[in-house]
Structure formats: C-alpha cells, structure tokens
Number of protein chains: 2
Amino acid sequence: MEKSKRILLVEDEESLGYLLGEYLKMKGFAVQWAKHGMEAMAALERLQFDLAILDVTMPEMDGFSLAARMKEVYPELPFLFLSARSLKIDVLKGFSLGAVDYLKKPIDEEELVVRINAILSRIQPDRSKPKNITYQLGDYRFDPANQQLTFGENRTRLTTRESELLRYLADNMNSLCSHRDILTQLWGENDYFNRKSLNVFITRLRRYLNMDERIRIENVHGKGFILRAFQ
Amino acid sequence: MEKSKRILLVEDEESLGYLLGEYLKMKGFAVQWAKHGMEAMAALERLQFDLAILDVTMPEMDGFSLAARMKEVYPELPFLFLSARSLKIDVLKGFSLGAVDYLKKPIDEEELVVRINAILSRIQPDRSKPKNITYQLGDYRFDPANQQLTFGENRTRLTTRESELLRYLADNMNSLCSHRDILTQLWGENDYFNRKSLNVFITRLRRYLNMDERIRIENVHGKGFILRAFQ
DNA sequence: ATTCGGCTTAATCTTTCGTTAATCCTTTTT
DNA sequence: AAAAAGGATTAACGAAAGATTAAGCCGAAT
C-alpha cells in the first residue's frame, strides 16, 4: 500500500471547500483544508505536503499573493490554481507565479483528480539514497541499515528514531536542517511537543558522538541543527 | 543562451498547424510539424524531443492512438492534447493515457506557451541547484542558508537578524539601502527604536567584516547604508 | 501480569539574541 | 561656533529557545 499523497486545499467558500475536500479524501488523498491564507501558512509550518490547491479569489489574501509567499518559504511545493476568473491575464499570472496548472470554475471533480494525478506522477519520487550505505563521521562509522554507530572497538546500538535522525543530519552534513523539516519528515507533525522530543534526541546523539571532537551537532538558534565535521 | 526546447507538433489541419508552429518558433521553441501519425513516428525516429503536442481528432490515426504508440516506444516523452472535443470522457481518456495536459480548442496561443513552459520546467530536473547560494564579499564568503560567514579558516556564526541584514545588503551590493526599506522589510516596522536596533546590528556586522579592508559598510547620513566592495 | 525498551512529557537549568539604554563621536544646520 | 540631529559603540537585560536529566507511559516480549 502506497502512502497517500498529502494535499493542502485553500478555499474560502464553505460548501465548495467541504465538498472538494471530501471528494479528494474519498479518492485516497490526505487533505488538509485551510479557509484562508494565514491558516494555509500555519498548516504548511506544521505538516508537509505534496501539492497545494489554491482558490484565486479569497478575501484578505488572494491565491496569487499566497502563492508568492508560499514560494518564498517552500519553493519545492507544487501548486495549482482554481478560479472563477478565467480571464487570460489571470491564467498567465498564475503560471508566471510558477503554478503547475490553472483550472477554471466550475470544477469538474473527476477532471481535477486526473490532473492532480498527472502532476504528482511527474514529481520525482525522491531520489532515495541506497539503503545500505554507511557514513563516515569523523572516526565514527554509522550504519543506518543496522542502526549502529561504531568507534573503533566501541559499538553503540541506536534506536529507530536515533538512527533516522542521525541519518537525516548525515545526509545534510554541514548544512542546516530546520526543525520544521526534520519534524515533518520524521515525526510527521511539527508541534511544540515533538520539538521538545527532538531536543532530547539531539542530546542523546551528542552523547554518542562525544568521543571525536571533530564531529559535532550545532544548534542554529530558532532554526534547527547542523551536523558539522571539522578538518 | 539556453538551448531551445524541441517540440513535436502533430496537427492535421493545415492552417492551425502552420500558425501554431510559427507562433511557437517565434517563442523560441524548435518545432517539428507532423501532419499525421506516421509522420510523427518518423520524426520521433529521427529526432529527439522534449514535448509532443497532439491533436486528438485526426484522420487515419487519432491523437489517442498515436499517444499510445508513442508511449510504447518513447515512454519518457511528455505529451499533451489539443482537442475540440471537450467531452469529459475525452479529457479523462487523455490523462489516463499519461498526458501532462489537455487543452480545449479554441487554443489561446499565449496560454499554450505558458503551459508548455510550466511542463518543461517541471520535467527538466534542473541539475543546478540554486539552493545554497553564497555571496563572495572580498575574501569573505557568506552563506545565508547556514547563517555563516567564513574568512579562510575563520568561521563566524551569524544570528538570524544579522544574516538577514547582511543578505539584504549583499543583494544590493554597492547601492544604497534606505533605513526605511531595511526596517519595513526585515523588522516589519520603521520606528525610532527599530532604527536604533538596526544601528547595533550594523556595528556588529562591521566588526565581523573588519578583516578585509576592501569590504565595508558605509553610512549615508540620514538615508541608509551601503555595503561596498572596493577594487 | 510483569518487565523492558523506547519514545514522550515534565521539570529545571543554561544559553542565546534582539532590544534598550547610556555615552561618545560625526555631520548638518542655525 | 554652538546647537541639534544622526550615527557608532559598548554593555546589560529579559524573554524565548535550547540542553539536560528524570519521570511517565505504552506496547511488545517474556
């Protein structure tokens, strides 16, 4: 069973939003319905999505403005527009903002679904790195497949989470891994409690890694962590 | 200059085919116009394409059949349909064959072009990752993503504000950044206290940057600051 | 049912960073 | 030249974030 794709639906109209959300859920998507831009940004902070569907005409922040803000913060996330405004200028504007599609209302739900699938199938199913690689971290050797960390004769058995976290950091060696990305990726949700949990795991990894000074987990205040290797 | 993308246009109607072909050429695409399925298959044999545009209603072999055959032989080539038949069943069939888009006639040429670009930019995995851009400031290297400034072996970790500010200045290298713009952009509000705060940050950045005389933050009295690089 | 391993929650202590304040210096205006 | 306004520099403060340790909880294994 494949993991269902996560869709952020931003639609201010109650009835359409509800209907569309339920329909997409029925079709096997994990749908989060946000009623306006602020709510959408909050959802993006908390969860990770594969696609965003934006209504163009909304009060406060319209779909175009929202798309622009989203693109700033989450440039990888593909999005498409729904709009009653089928003026050519709007369509062009939508695409110029980087949309992958622009659908004119009234929406045909079936067509929407096949278009969504067309989009999602074109997204590279993440170049997952080979499972059985090992990482050299200073004088440590980390083997994610077997969840173990060796330092000379010394062997530490890691728990699943410890191993996943260290792997995530090691994959992004020397570059910042944001709380948000770590948590949405590994925990599934970015909230206060999970962030506390993350701190505990960081402490544990630090203890395991304290035999070699050249390898260190640094914190970037308010942002996240960096696994850094010196020399 | 980027290499122009190669498009295979399959359209039996003389006038539309010619018009569309010329329009796309004008827009910088390398277009090959085939008037029916056989010609299209021959062209595919001969040349490599980035995208195929298929008319649905054609004598002999219709667009759907052609798409099916193409997919057999060139499964990587993305294709989209043009069609006067806007029946839902046709649209669904088009996508089920693996189309990346389905446009209903009459075609708006401008819209077609932006849709083509949207498709091509999604498909070309853009080898160059424009992600971790860094700035060269004299002998310093500034990495905003990791909030750090390096000078040879020496590394300075920047706080979020410091990094944002230096980035703003570096983006506008050698030109005046007004208080007003910096403050509204980064602080959100331009008032007396925030301006004081800005001064403190300017002092801090100056200290970090004082190892290379050729890089300097100048003040323009009553106006703002300039990050200036000499020589 | 009891134990145990592993993740989460809680409690407490430490560090960080943006702000504010105080003081001195520089430029512009009167 | 004096006054006024703008800017530079340094230090200190307090809220928020992070680190660390311990306790709690829950499902799996015994």
# chains A, B, ... in the order shown; residues from 1 in each chain; ligands from 1
call {"tool": "closest_atom_pairs", "arguments": {"of": "chain A", "to": "chain B", "cutoff": "8 Å", "atoms": "only C-alpha atoms", "output": "JSON lines"}}
result
{"residue": "A:Lys88", "atom": "CA", "partner": "B:Glu111", "partner_atom": "CA", "distance": 7.4}
{"residue": "A:Val91", "atom": "CA", "partner": "B:Glu111", "partner_atom": "CA", "distance": 7.2}
{"residue": "A:Leu92", "atom": "CA", "partner": "B:Glu111", "partner_atom": "CA", "distance": 6.5}
{"residue": "A:Phe95", "atom": "CA", "partner": "B:Val114", "partner_atom": "CA", "distance": 6.3}
{"residue": "A:Ser96", "atom": "CA", "partner": "B:Val114", "partner_atom": "CA", "distance": 7.5}
{"residue": "A:Gly98", "atom": "CA", "partner": "B:Ala118", "partner_atom": "CA", "distance": 7.1}
{"residue": "A:Ala99", "atom": "CA", "partner": "B:Ala118", "partner_atom": "CA", "distance": 7.2}
{"residue": "A:Val100", "atom": "CA", "partner": "B:Ala118", "partner_atom": "CA", "distance": 5.8}
{"residue": "A:Asp101", "atom": "CA", "partner": "B:Arg115", "partner_atom": "CA", "distance": 7.5}
{"residue": "A:Glu110", "atom": "CA", "partner": "B:Leu92", "partner_atom": "CA", "distance": 7.8}
{"residue": "A:Glu111", "atom": "CA", "partner": "B:Leu92", "partner_atom": "CA", "distance": 6.5}
{"residue": "A:Val114", "atom": "CA", "partner": "B:Phe95", "partner_atom": "CA", "distance": 6.3}
{"residue": "A:Arg115", "atom": "CA", "partner": "B:Phe95", "partner_atom": "CA", "distance": 7.2}
{"residue": "A:Ala118", "atom": "CA", "partner": "B:Val100", "partner_atom": "CA", "distance": 5.9}
{"residue": "A:Ile119", "atom": "CA", "partner": "B:Val100", "partner_atom": "CA", "distance": 7.3}
{"residue": "A:Arg122", "atom": "CA", "partner": "B:Ile123", "partner_atom": "CA", "distance": 7.1}
{"residue": "A:Ile123", "atom": "CA", "partner": "B:Arg122", "partner_atom": "CA", "distance": 7.8}
{"residue": "A:Ser175", "atom": "CA", "partner": "B:Asn146", "partner_atom": "CA", "distance": 6.1}
{"residue": "A:Leu176", "atom": "CA", "partner": "B:Asn146", "partner_atom": "CA", "distance": 5.5}
{"residue": "A:Val220", "atom": "CA", "partner": "B:Thr159", "partner_atom": "CA", "distance": 7.9}
{"residue": "A:His221", "atom": "CA", "partner": "B:Thr159", "partner_atom": "CA", "distance": 7.4}
call {"tool": "calpha_fit_rmsd", "arguments": {"fixed": "chain A", "moving": "chain B"}}
result
18.1 Å
call {"tool": "residues_around", "arguments": {"residues": "A:Gly63", "least_positions_apart": "3", "cutoff": "8 Å", "atoms": "only C-alpha atoms (C1' of nucleotides)", "output": "PDB file with N, CA, C and O atoms, in the first residue's frame"}}
result
ATOM      1  N   GLY A  37      -5.465  32.349   3.803  1.00  0.00           N
ATOM      2  CA  GLY A  37      -4.016  32.313   3.670  1.00  0.00           C
ATOM      3  C   GLY A  37      -3.276  32.037   4.968  1.00  0.00           C
ATOM      4  O   GLY A  37      -2.346  31.229   4.995  1.00  0.00           O
ATOM      5  N   LEU A  54      -4.980  26.098  -4.687  1.00  0.00           N
ATOM      6  CA  LEU A  54      -5.321  27.422  -4.179  1.00  0.00           C
ATOM      7  C   LEU A  54      -6.479  28.048  -4.951  1.00  0.00           C
ATOM      8  O   LEU A  54      -6.438  28.122  -6.190  1.00  0.00           O
ATOM      9  N   ASP A  55      -7.474  28.499  -4.208  1.00  0.00           N
ATOM     10  CA  ASP A  55      -8.509  29.312  -4.832  1.00  0.00           C
ATOM     11  C   ASP A  55      -7.904  30.691  -5.088  1.00  0.00           C
ATOM     12  O   ASP A  55      -7.112  31.183  -4.291  1.00  0.00           O
ATOM     13  N   VAL A  56      -8.255  31.299  -6.214  1.00  0.00           N
ATOM     14  CA  VAL A  56      -7.680  32.612  -6.507  1.00  0.00           C
ATOM     15  C   VAL A  56      -8.413  33.710  -5.761  1.00  0.00           C
ATOM     16  O   VAL A  56      -7.808  34.562  -5.113  1.00  0.00           O
ATOM     17  N   THR A  57      -9.726  33.678  -5.835  1.00  0.00           N
ATOM     18  CA  THR A  57     -10.492  34.772  -5.224  1.00  0.00           C
ATOM     19  C   THR A  57     -10.843  34.448  -3.778  1.00  0.00           C
ATOM     20  O   THR A  57     -11.742  33.674  -3.496  1.00  0.00           O
ATOM     21  N   MET A  58     -10.066  35.068  -2.895  1.00  0.00           N
ATOM     22  CA  MET A  58     -10.349  34.934  -1.472  1.00  0.00           C
ATOM     23  C   MET A  58     -10.214  36.296  -0.819  1.00  0.00           C
ATOM     24  O   MET A  58      -9.439  37.134  -1.283  1.00  0.00           O
ATOM     25  N   LEU A  66      -0.830  34.510  -1.866  1.00  0.00           N
ATOM     26  CA  LEU A  66      -0.479  33.346  -1.062  1.00  0.00           C
ATOM     27  C   LEU A  66       0.573  32.499  -1.773  1.00  0.00           C
ATOM     28  O   LEU A  66       1.554  32.070  -1.167  1.00  0.00           O
ATOM     29  N   ALA A  67       0.374  32.300  -3.070  1.00  0.00           N
ATOM     30  CA  ALA A  67       1.335  31.509  -3.842  1.00  0.00           C
ATOM     31  C   ALA A  67       2.718  32.143  -3.766  1.00  0.00           C
ATOM     32  O   ALA A  67       3.725  31.447  -3.582  1.00  0.00           O
ATOM     33  N   PHE A  81      -3.938  26.470  -9.361  1.00  0.00           N
ATOM     34  CA  PHE A  81      -4.998  27.413  -9.018  1.00  0.00           C
ATOM     35  C   PHE A  81      -6.360  26.915  -9.469  1.00  0.00           C
ATOM     36  O   PHE A  81      -6.490  26.258 -10.511  1.00  0.00           O
TER      37      PHE A  81
END
call {"tool": "interface_residues", "arguments": {"of": "chain B", "to": "chain C", "cutoff": "10 Å", "atoms": "only C-alpha atoms (C1' of nucleotides)", "output": "PyMOL selection string"}}
result
chain B and resi 159-161+193-194+196-197+200-201+221-222
call {"tool": "residues_around", "arguments": {"residues": "A:Met211", "least_positions_apart": "4", "cutoff": "9 Å", "atoms": "only C-alpha atoms (C1' of nucleotides)", "output": "MDAnalysis selection string"}}
result
chainID A and resid 139:140 151 207 215
call {"tool": "write_last_selection", "arguments": {"atoms": "all heavy atoms", "output": "PDB file, in the first residue's frame"}}
result
ATOM      1  N   ASP A 139      35.841   9.839  13.132  1.00  0.00           N
ATOM      2  CA  ASP A 139      36.326   8.473  13.298  1.00  0.00           C
ATOM      3  C   ASP A 139      35.192   7.493  13.545  1.00  0.00           C
ATOM      4  O   ASP A 139      35.426   6.307  13.753  1.00  0.00           O
ATOM      5  CB  ASP A 139      37.329   8.413  14.460  1.00  0.00           C
ATOM      6  CG  ASP A 139      38.656   9.036  14.052  1.00  0.00           C
ATOM      7  OD1 ASP A 139      38.931   9.053  12.836  1.00  0.00           O
ATOM      8  OD2 ASP A 139      39.388   9.507  14.933  1.00  0.00           O
ATOM      9  N   TYR A 140      33.990   7.987  13.549  1.00  0.00           N
ATOM     10  CA  TYR A 140      32.827   7.103  13.698  1.00  0.00           C
ATOM     11  C   TYR A 140      32.429   6.526  12.352  1.00  0.00           C
ATOM     12  O   TYR A 140      32.642   7.143  11.304  1.00  0.00           O
ATOM     13  CB  TYR A 140      31.619   7.877  14.234  1.00  0.00           C
ATOM     14  CG  TYR A 140      31.697   8.236  15.692  1.00  0.00           C
ATOM     15  CD1 TYR A 140      32.249   9.446  16.092  1.00  0.00           C
ATOM     16  CD2 TYR A 140      31.183   7.386  16.668  1.00  0.00           C
ATOM     17  CE1 TYR A 140      32.308   9.800  17.426  1.00  0.00           C
ATOM     18  CE2 TYR A 140      31.235   7.726  17.998  1.00  0.00           C
ATOM     19  CZ  TYR A 140      31.794   8.932  18.379  1.00  0.00           C
ATOM     20  OH  TYR A 140      31.845   9.270  19.692  1.00  0.00           O
ATOM     21  N   PHE A 151      32.860   3.126  16.868  1.00  0.00           N
ATOM     22  CA  PHE A 151      34.031   3.977  17.063  1.00  0.00           C
ATOM     23  C   PHE A 151      35.144   3.049  17.521  1.00  0.00           C
ATOM     24  O   PHE A 151      35.209   2.684  18.690  1.00  0.00           O
ATOM     25  CB  PHE A 151      33.720   5.035  18.127  1.00  0.00           C
ATOM     26  CG  PHE A 151      34.847   6.009  18.352  1.00  0.00           C
ATOM     27  CD1 PHE A 151      34.995   7.122  17.535  1.00  0.00           C
ATOM     28  CD2 PHE A 151      35.763   5.805  19.381  1.00  0.00           C
ATOM     29  CE1 PHE A 151      36.019   8.022  17.744  1.00  0.00           C
ATOM     30  CE2 PHE A 151      36.797   6.708  19.592  1.00  0.00           C
ATOM     31  CZ  PHE A 151      36.921   7.827  18.776  1.00  0.00           C
ATOM     32  N   ARG A 207      25.743  12.787  22.984  1.00  0.00           N
ATOM     33  CA  ARG A 207      26.477  11.941  23.930  1.00  0.00           C
ATOM     34  C   ARG A 207      27.197  10.813  23.179  1.00  0.00           C
ATOM     35  O   ARG A 207      28.361  10.535  23.422  1.00  0.00           O
ATOM     36  CB  ARG A 207      25.551  11.363  24.992  1.00  0.00           C
ATOM     37  CG  ARG A 207      26.315  10.458  25.956  1.00  0.00           C
ATOM     38  CD  ARG A 207      25.673  10.355  27.320  1.00  0.00           C
ATOM     39  NE  ARG A 207      24.282   9.972  27.273  1.00  0.00           N
ATOM     40  CZ  ARG A 207      23.311  10.598  27.917  1.00  0.00           C
ATOM     41  NH1 ARG A 207      23.593  11.656  28.661  1.00  0.00           N
ATOM     42  NH2 ARG A 207      22.073  10.193  27.827  1.00  0.00           N
ATOM     43  N   ILE A 215      33.557  15.931  15.243  1.00  0.00           N
ATOM     44  CA  ILE A 215      32.179  15.756  14.788  1.00  0.00           C
ATOM     45  C   ILE A 215      31.253  16.313  15.871  1.00  0.00           C
ATOM     46  O   ILE A 215      31.422  16.046  17.045  1.00  0.00           O
ATOM     47  CB  ILE A 215      31.873  14.276  14.468  1.00  0.00           C
ATOM     48  CG1 ILE A 215      30.693  14.157  13.535  1.00  0.00           C
ATOM     49  CG2 ILE A 215      31.683  13.435  15.700  1.00  0.00           C
ATOM     50  CD1 ILE A 215      31.090  14.271  12.096  1.00  0.00           C
TER      51      ILE A 215
END
call {"tool": "interface_residues", "arguments": {"of": "chain D", "to": "chain A", "cutoff": "10 Å", "atoms": "only C-alpha atoms (C1' of nucleotides)", "output": "short mmCIF file (atom, residue, chain, number, x, y, z; two decimals) with all heavy atoms, in the first residue's frame"}}
result
data_model
loop_
_atom_site.label_atom_id
_atom_site.label_comp_id
_atom_site.auth_asym_id
_atom_site.auth_seq_id
_atom_site.Cartn_x
_atom_site.Cartn_y
_atom_site.Cartn_z
P DA D 16 8.38 35.63 25.62
OP1 DA D 16 7.34 36.19 24.74
OP2 DA D 16 8.04 34.94 26.88
"O5'" DA D 16 9.29 34.66 24.75
"C5'" DA D 16 10.11 35.23 23.71
"C4'" DA D 16 11.13 34.22 23.28
"O4'" DA D 16 12.17 34.12 24.27
"C3'" DA D 16 10.58 32.80 23.08
"O3'" DA D 16 10.99 32.36 21.81
"C2'" DA D 16 11.18 32.00 24.24
"C1'" DA D 16 12.49 32.76 24.48
N9 DA D 16 13.04 32.66 25.84
C8 DA D 16 12.38 32.78 27.03
N7 DA D 16 13.16 32.65 28.08
C5 DA D 16 14.41 32.45 27.54
C6 DA D 16 15.68 32.26 28.13
N6 DA D 16 15.89 32.23 29.44
N1 DA D 16 16.73 32.09 27.30
C2 DA D 16 16.52 32.11 25.97
N3 DA D 16 15.38 32.29 25.31
C4 DA D 16 14.35 32.45 26.16
P DA D 17 10.62 30.93 21.24
OP1 DA D 17 10.29 31.12 19.82
OP2 DA D 17 9.68 30.26 22.16
"O5'" DA D 17 12.02 30.19 21.31
"C5'" DA D 17 13.16 30.81 20.71
"C4'" DA D 17 14.37 29.98 20.97
"O4'" DA D 17 14.73 30.07 22.36
"C3'" DA D 17 14.18 28.49 20.67
"O3'" DA D 17 15.28 28.07 19.91
"C2'" DA D 17 14.10 27.85 22.05
"C1'" DA D 17 14.95 28.79 22.89
N9 DA D 17 14.59 28.86 24.31
C8 DA D 17 13.35 29.01 24.85
N7 DA D 17 13.34 29.06 26.17
C5 DA D 17 14.68 28.94 26.51
C6 DA D 17 15.33 28.91 27.76
N6 DA D 17 14.71 29.03 28.93
N1 DA D 17 16.68 28.77 27.74
C2 DA D 17 17.31 28.67 26.57
N3 DA D 17 16.79 28.68 25.33
C4 DA D 17 15.46 28.81 25.38
P DG D 18 15.45 26.55 19.51
OP1 DG D 18 16.20 26.52 18.25
OP2 DG D 18 14.17 25.87 19.65
"O5'" DG D 18 16.42 26.02 20.66
"C5'" DG D 18 17.69 26.64 20.83
"C4'" DG D 18 18.47 25.95 21.91
"O4'" DG D 18 17.87 26.23 23.19
"C3'" DG D 18 18.52 24.43 21.79
"O3'" DG D 18 19.87 24.05 21.94
"C2'" DG D 18 17.63 23.94 22.93
"C1'" DG D 18 17.83 25.04 23.96
N9 DG D 18 16.76 25.20 24.94
C8 DG D 18 15.43 25.40 24.69
N7 DG D 18 14.72 25.52 25.79
C5 DG D 18 15.65 25.42 26.81
C6 DG D 18 15.48 25.48 28.22
O6 DG D 18 14.44 25.65 28.86
N1 DG D 18 16.68 25.32 28.89
C2 DG D 18 17.90 25.12 28.29
N2 DG D 18 18.94 24.98 29.08
N3 DG D 18 18.08 25.06 26.98
C4 DG D 18 16.91 25.22 26.30
P DA D 19 20.32 22.55 21.97
OP1 DA D 19 21.65 22.47 21.32
OP2 DA D 19 19.22 21.69 21.53
"O5'" DA D 19 20.52 22.32 23.53
"C5'" DA D 19 21.51 23.07 24.22
"C4'" DA D 19 21.81 22.42 25.55
"O4'" DA D 19 20.72 22.64 26.46
"C3'" DA D 19 22.02 20.90 25.49
"O3'" DA D 19 23.13 20.60 26.32
"C2'" DA D 19 20.71 20.33 26.01
"C1'" DA D 19 20.20 21.42 26.95
N9 DA D 19 18.74 21.61 26.97
C8 DA D 19 17.90 21.71 25.90
N7 DA D 19 16.64 21.91 26.24
C5 DA D 19 16.67 21.96 27.62
C6 DA D 19 15.66 22.14 28.59
N6 DA D 19 14.37 22.34 28.28
N1 DA D 19 16.02 22.13 29.89
C2 DA D 19 17.31 21.95 30.19
N3 DA D 19 18.36 21.76 29.38
C4 DA D 19 17.95 21.77 28.09
P DT D 20 23.69 19.13 26.42
OP1 DT D 20 25.13 19.25 26.71
OP2 DT D 20 23.21 18.35 25.27
"O5'" DT D 20 22.98 18.58 27.73
"C5'" DT D 20 23.01 19.41 28.90
"C4'" DT D 20 22.17 18.79 29.99
"O4'" DT D 20 20.79 19.15 29.80
"C3'" DT D 20 22.21 17.26 30.04
"O3'" DT D 20 22.66 16.90 31.33
"C2'" DT D 20 20.77 16.83 29.79
"C1'" DT D 20 20.00 18.07 30.21
N1 DT D 20 18.67 18.26 29.58
C2 DT D 20 17.61 18.60 30.37
O2 DT D 20 17.70 18.73 31.57
N3 DT D 20 16.42 18.77 29.70
C4 DT D 20 16.19 18.65 28.35
O4 DT D 20 15.08 18.83 27.87
C5 DT D 20 17.35 18.30 27.57
C7 DT D 20 17.21 18.14 26.08
C6 DT D 20 18.53 18.12 28.21
P DT D 21 23.13 15.40 31.64
OP1 DT D 21 24.40 15.47 32.38
OP2 DT D 21 23.01 14.57 30.43
"O5'" DT D 21 22.00 14.95 32.67
"C5'" DT D 21 21.58 15.88 33.68
"C4'" DT D 21 20.27 15.43 34.26
"O4'" DT D 21 19.18 15.87 33.42
"C3'" DT D 21 20.10 13.92 34.44
"O3'" DT D 21 19.83 13.66 35.81
"C2'" DT D 21 18.95 13.55 33.52
"C1'" DT D 21 18.19 14.88 33.42
N1 DT D 21 17.42 15.04 32.16
C2 DT D 21 16.14 15.56 32.24
O2 DT D 21 15.62 15.88 33.28
N3 DT D 21 15.50 15.71 31.02
C4 DT D 21 16.01 15.37 29.77
O4 DT D 21 15.33 15.53 28.77
C5 DT D 21 17.34 14.84 29.77
C7 DT D 21 17.97 14.44 28.48
C6 DT D 21 17.98 14.69 30.95
#
call {"tool": "atom_distance", "arguments": {"atom1": "atom CA of B:Gln32", "atom2": "atom CA of B:Leu97"}}
result
22.4 Å
call {"tool": "atom_distance", "arguments": {"atom1": "atom CA of A:Phe64", "atom2": "atom CA of B:Phe29"}}
result
27.9 Å
call {"tool": "atom_distance", "arguments": {"atom1": "atom CA of B:Gly224", "atom2": "atom CA of B:Tyr168"}}
result
12.5 Å
call {"tool": "residues_around", "arguments": {"residues": "A:Glu11", "least_positions_apart": "2", "cutoff": "7 Å", "atoms": "only C-alpha atoms (C1' of nucleotides)", "output": "MDAnalysis selection string"}}
result
chainID A and resid 9 13 17 34:36 54:55
call {"tool": "write_last_selection", "arguments": {"atoms": "all heavy atoms", "output": "PDB file, in the first residue's frame"}}
result
ATOM      1  N   LEU A   9      -5.585  22.140   0.632  1.00  0.00           N
ATOM      2  CA  LEU A   9      -6.642  22.792  -0.136  1.00  0.00           C
ATOM      3  C   LEU A   9      -6.974  24.119   0.515  1.00  0.00           C
ATOM      4  O   LEU A   9      -7.349  24.167   1.690  1.00  0.00           O
ATOM      5  CB  LEU A   9      -7.881  21.889  -0.153  1.00  0.00           C
ATOM      6  CG  LEU A   9      -9.164  22.466  -0.740  1.00  0.00           C
ATOM      7  CD1 LEU A   9      -8.997  22.797  -2.212  1.00  0.00           C
ATOM      8  CD2 LEU A   9     -10.315  21.485  -0.544  1.00  0.00           C
ATOM      9  N   GLU A  13     -14.709  29.398   0.337  1.00  0.00           N
ATOM     10  CA  GLU A  13     -16.124  29.031   0.295  1.00  0.00           C
ATOM     11  C   GLU A  13     -16.383  27.748   1.073  1.00  0.00           C
ATOM     12  O   GLU A  13     -15.791  26.710   0.770  1.00  0.00           O
ATOM     13  CB  GLU A  13     -16.561  28.780  -1.147  1.00  0.00           C
ATOM     14  CG  GLU A  13     -16.981  30.008  -1.904  1.00  0.00           C
ATOM     15  CD  GLU A  13     -17.399  29.612  -3.320  1.00  0.00           C
ATOM     16  OE1 GLU A  13     -18.404  28.870  -3.443  1.00  0.00           O
ATOM     17  OE2 GLU A  13     -16.703  30.016  -4.272  1.00  0.00           O
ATOM     18  N   GLY A  17     -15.362  24.108  -0.479  1.00  0.00           N
ATOM     19  CA  GLY A  17     -14.214  23.580   0.249  1.00  0.00           C
ATOM     20  C   GLY A  17     -14.520  22.218   0.859  1.00  0.00           C
ATOM     21  O   GLY A  17     -13.746  21.273   0.727  1.00  0.00           O
ATOM     22  N   ALA A  34      -7.693  24.500   4.397  1.00  0.00           N
ATOM     23  CA  ALA A  34      -7.481  25.793   5.053  1.00  0.00           C
ATOM     24  C   ALA A  34      -8.426  26.806   4.427  1.00  0.00           C
ATOM     25  O   ALA A  34      -8.616  26.817   3.214  1.00  0.00           O
ATOM     26  CB  ALA A  34      -6.038  26.243   4.884  1.00  0.00           C
ATOM     27  N   LYS A  35      -9.027  27.642   5.255  1.00  0.00           N
ATOM     28  CA  LYS A  35     -10.048  28.571   4.747  1.00  0.00           C
ATOM     29  C   LYS A  35      -9.496  29.918   4.332  1.00  0.00           C
ATOM     30  O   LYS A  35     -10.206  30.729   3.745  1.00  0.00           O
ATOM     31  CB  LYS A  35     -11.153  28.750   5.785  1.00  0.00           C
ATOM     32  CG  LYS A  35     -11.979  27.482   5.921  1.00  0.00           C
ATOM     33  CD  LYS A  35     -13.133  27.652   6.884  1.00  0.00           C
ATOM     34  CE  LYS A  35     -13.891  26.340   6.997  1.00  0.00           C
ATOM     35  NZ  LYS A  35     -14.104  25.901   8.381  1.00  0.00           N
ATOM     36  N   HIS A  36      -8.258  30.174   4.649  1.00  0.00           N
ATOM     37  CA  HIS A  36      -7.635  31.418   4.192  1.00  0.00           C
ATOM     38  C   HIS A  36      -6.122  31.307   4.287  1.00  0.00           C
ATOM     39  O   HIS A  36      -5.594  30.320   4.812  1.00  0.00           O
ATOM     40  CB  HIS A  36      -8.165  32.608   4.993  1.00  0.00           C
ATOM     41  CG  HIS A  36      -8.127  32.386   6.467  1.00  0.00           C
ATOM     42  ND1 HIS A  36      -9.233  31.984   7.182  1.00  0.00           N
ATOM     43  CD2 HIS A  36      -7.118  32.462   7.348  1.00  0.00           C
ATOM     44  CE1 HIS A  36      -8.899  31.851   8.450  1.00  0.00           C
ATOM     45  NE2 HIS A  36      -7.621  32.136   8.573  1.00  0.00           N
ATOM     46  N   LEU A  54      -4.980  26.098  -4.687  1.00  0.00           N
ATOM     47  CA  LEU A  54      -5.321  27.422  -4.179  1.00  0.00           C
ATOM     48  C   LEU A  54      -6.479  28.048  -4.951  1.00  0.00           C
ATOM     49  O   LEU A  54      -6.438  28.122  -6.190  1.00  0.00           O
ATOM     50  CB  LEU A  54      -4.109  28.362  -4.305  1.00  0.00           C
ATOM     51  CG  LEU A  54      -2.763  27.839  -3.831  1.00  0.00           C
ATOM     52  CD1 LEU A  54      -1.686  28.903  -4.049  1.00  0.00           C
ATOM     53  CD2 LEU A  54      -2.825  27.453  -2.368  1.00  0.00           C
ATOM     54  N   ASP A  55      -7.474  28.499  -4.208  1.00  0.00           N
ATOM     55  CA  ASP A  55      -8.509  29.312  -4.832  1.00  0.00           C
ATOM     56  C   ASP A  55      -7.904  30.691  -5.088  1.00  0.00           C
ATOM     57  O   ASP A  55      -7.112  31.183  -4.291  1.00  0.00           O
ATOM     58  CB  ASP A  55      -9.712  29.423  -3.899  1.00  0.00           C
ATOM     59  CG  ASP A  55     -10.889  30.089  -4.594  1.00  0.00           C
ATOM     60  OD1 ASP A  55     -10.817  30.286  -5.833  1.00  0.00           O
ATOM     61  OD2 ASP A  55     -11.874  30.407  -3.917  1.00  0.00           O
TER      62      ASP A  55
END
call {"tool": "select_by_dssp", "arguments": {"residues": "stretch 115-217 of chain A", "states": "strand (DSSP E)", "output": "MDAnalysis selection string"}}
result
chainID A and resid 135:137 140:143 148:151 154:157 177:178 215:217
call {"tool": "write_last_selection", "arguments": {"atoms": "C-alpha atoms", "output": "mmCIF file, in the first residue's frame"}}
result
data_model
loop_
_atom_site.group_PDB
_atom_site.id
_atom_site.type_symbol
_atom_site.label_atom_id
_atom_site.label_comp_id
_atom_site.auth_asym_id
_atom_site.auth_seq_id
_atom_site.Cartn_x
_atom_site.Cartn_y
_atom_site.Cartn_z
ATOM 1 C CA TYR A 135 28.515 7.166 6.701
ATOM 2 C CA GLN A 136 31.943 8.128 7.920
ATOM 3 C CA LEU A 137 31.565 10.727 10.638
ATOM 4 C CA TYR A 140 32.827 7.103 13.698
ATOM 5 C CA ARG A 141 31.165 4.823 11.246
ATOM 6 C CA PHE A 142 27.411 4.983 11.090
ATOM 7 C CA ASP A 143 25.390 2.177 9.590
ATOM 8 C CA GLN A 148 24.600 1.148 14.779
ATOM 9 C CA LEU A 149 27.416 3.524 15.361
ATOM 10 C CA THR A 150 30.948 2.247 15.759
ATOM 11 C CA PHE A 151 34.031 3.977 17.063
ATOM 12 C CA ASN A 154 33.210 0.548 20.654
ATOM 13 C CA ARG A 155 29.751 -0.152 19.279
ATOM 14 C CA THR A 156 26.572 1.758 20.066
ATOM 15 C CA ARG A 157 23.187 0.374 19.151
ATOM 16 C CA CYS A 177 18.361 21.080 8.909
ATOM 17 C CA SER A 178 15.370 23.052 10.078
ATOM 18 C CA ILE A 215 32.179 15.756 14.788
ATOM 19 C CA ARG A 216 29.564 17.896 16.447
ATOM 20 C CA ILE A 217 25.883 18.804 16.314
#
call {"tool": "select_by_dssp", "arguments": {"residues": "stretch 15-175 of chain A", "states": "alpha helix (DSSP H)", "output": "PyMOL selection string"}}
result
chain A and resi 15-26+37-46+63-73+88-96+109-122+160-171
call {"tool": "residues_around", "arguments": {"residues": "A:Met26", "least_positions_apart": "3", "cutoff": "12 Å", "atoms": "only C-alpha atoms (C1' of nucleotides)", "output": "PyMOL selection string"}}
result
chain A and resi 4+19-23+29-31+109-110+113
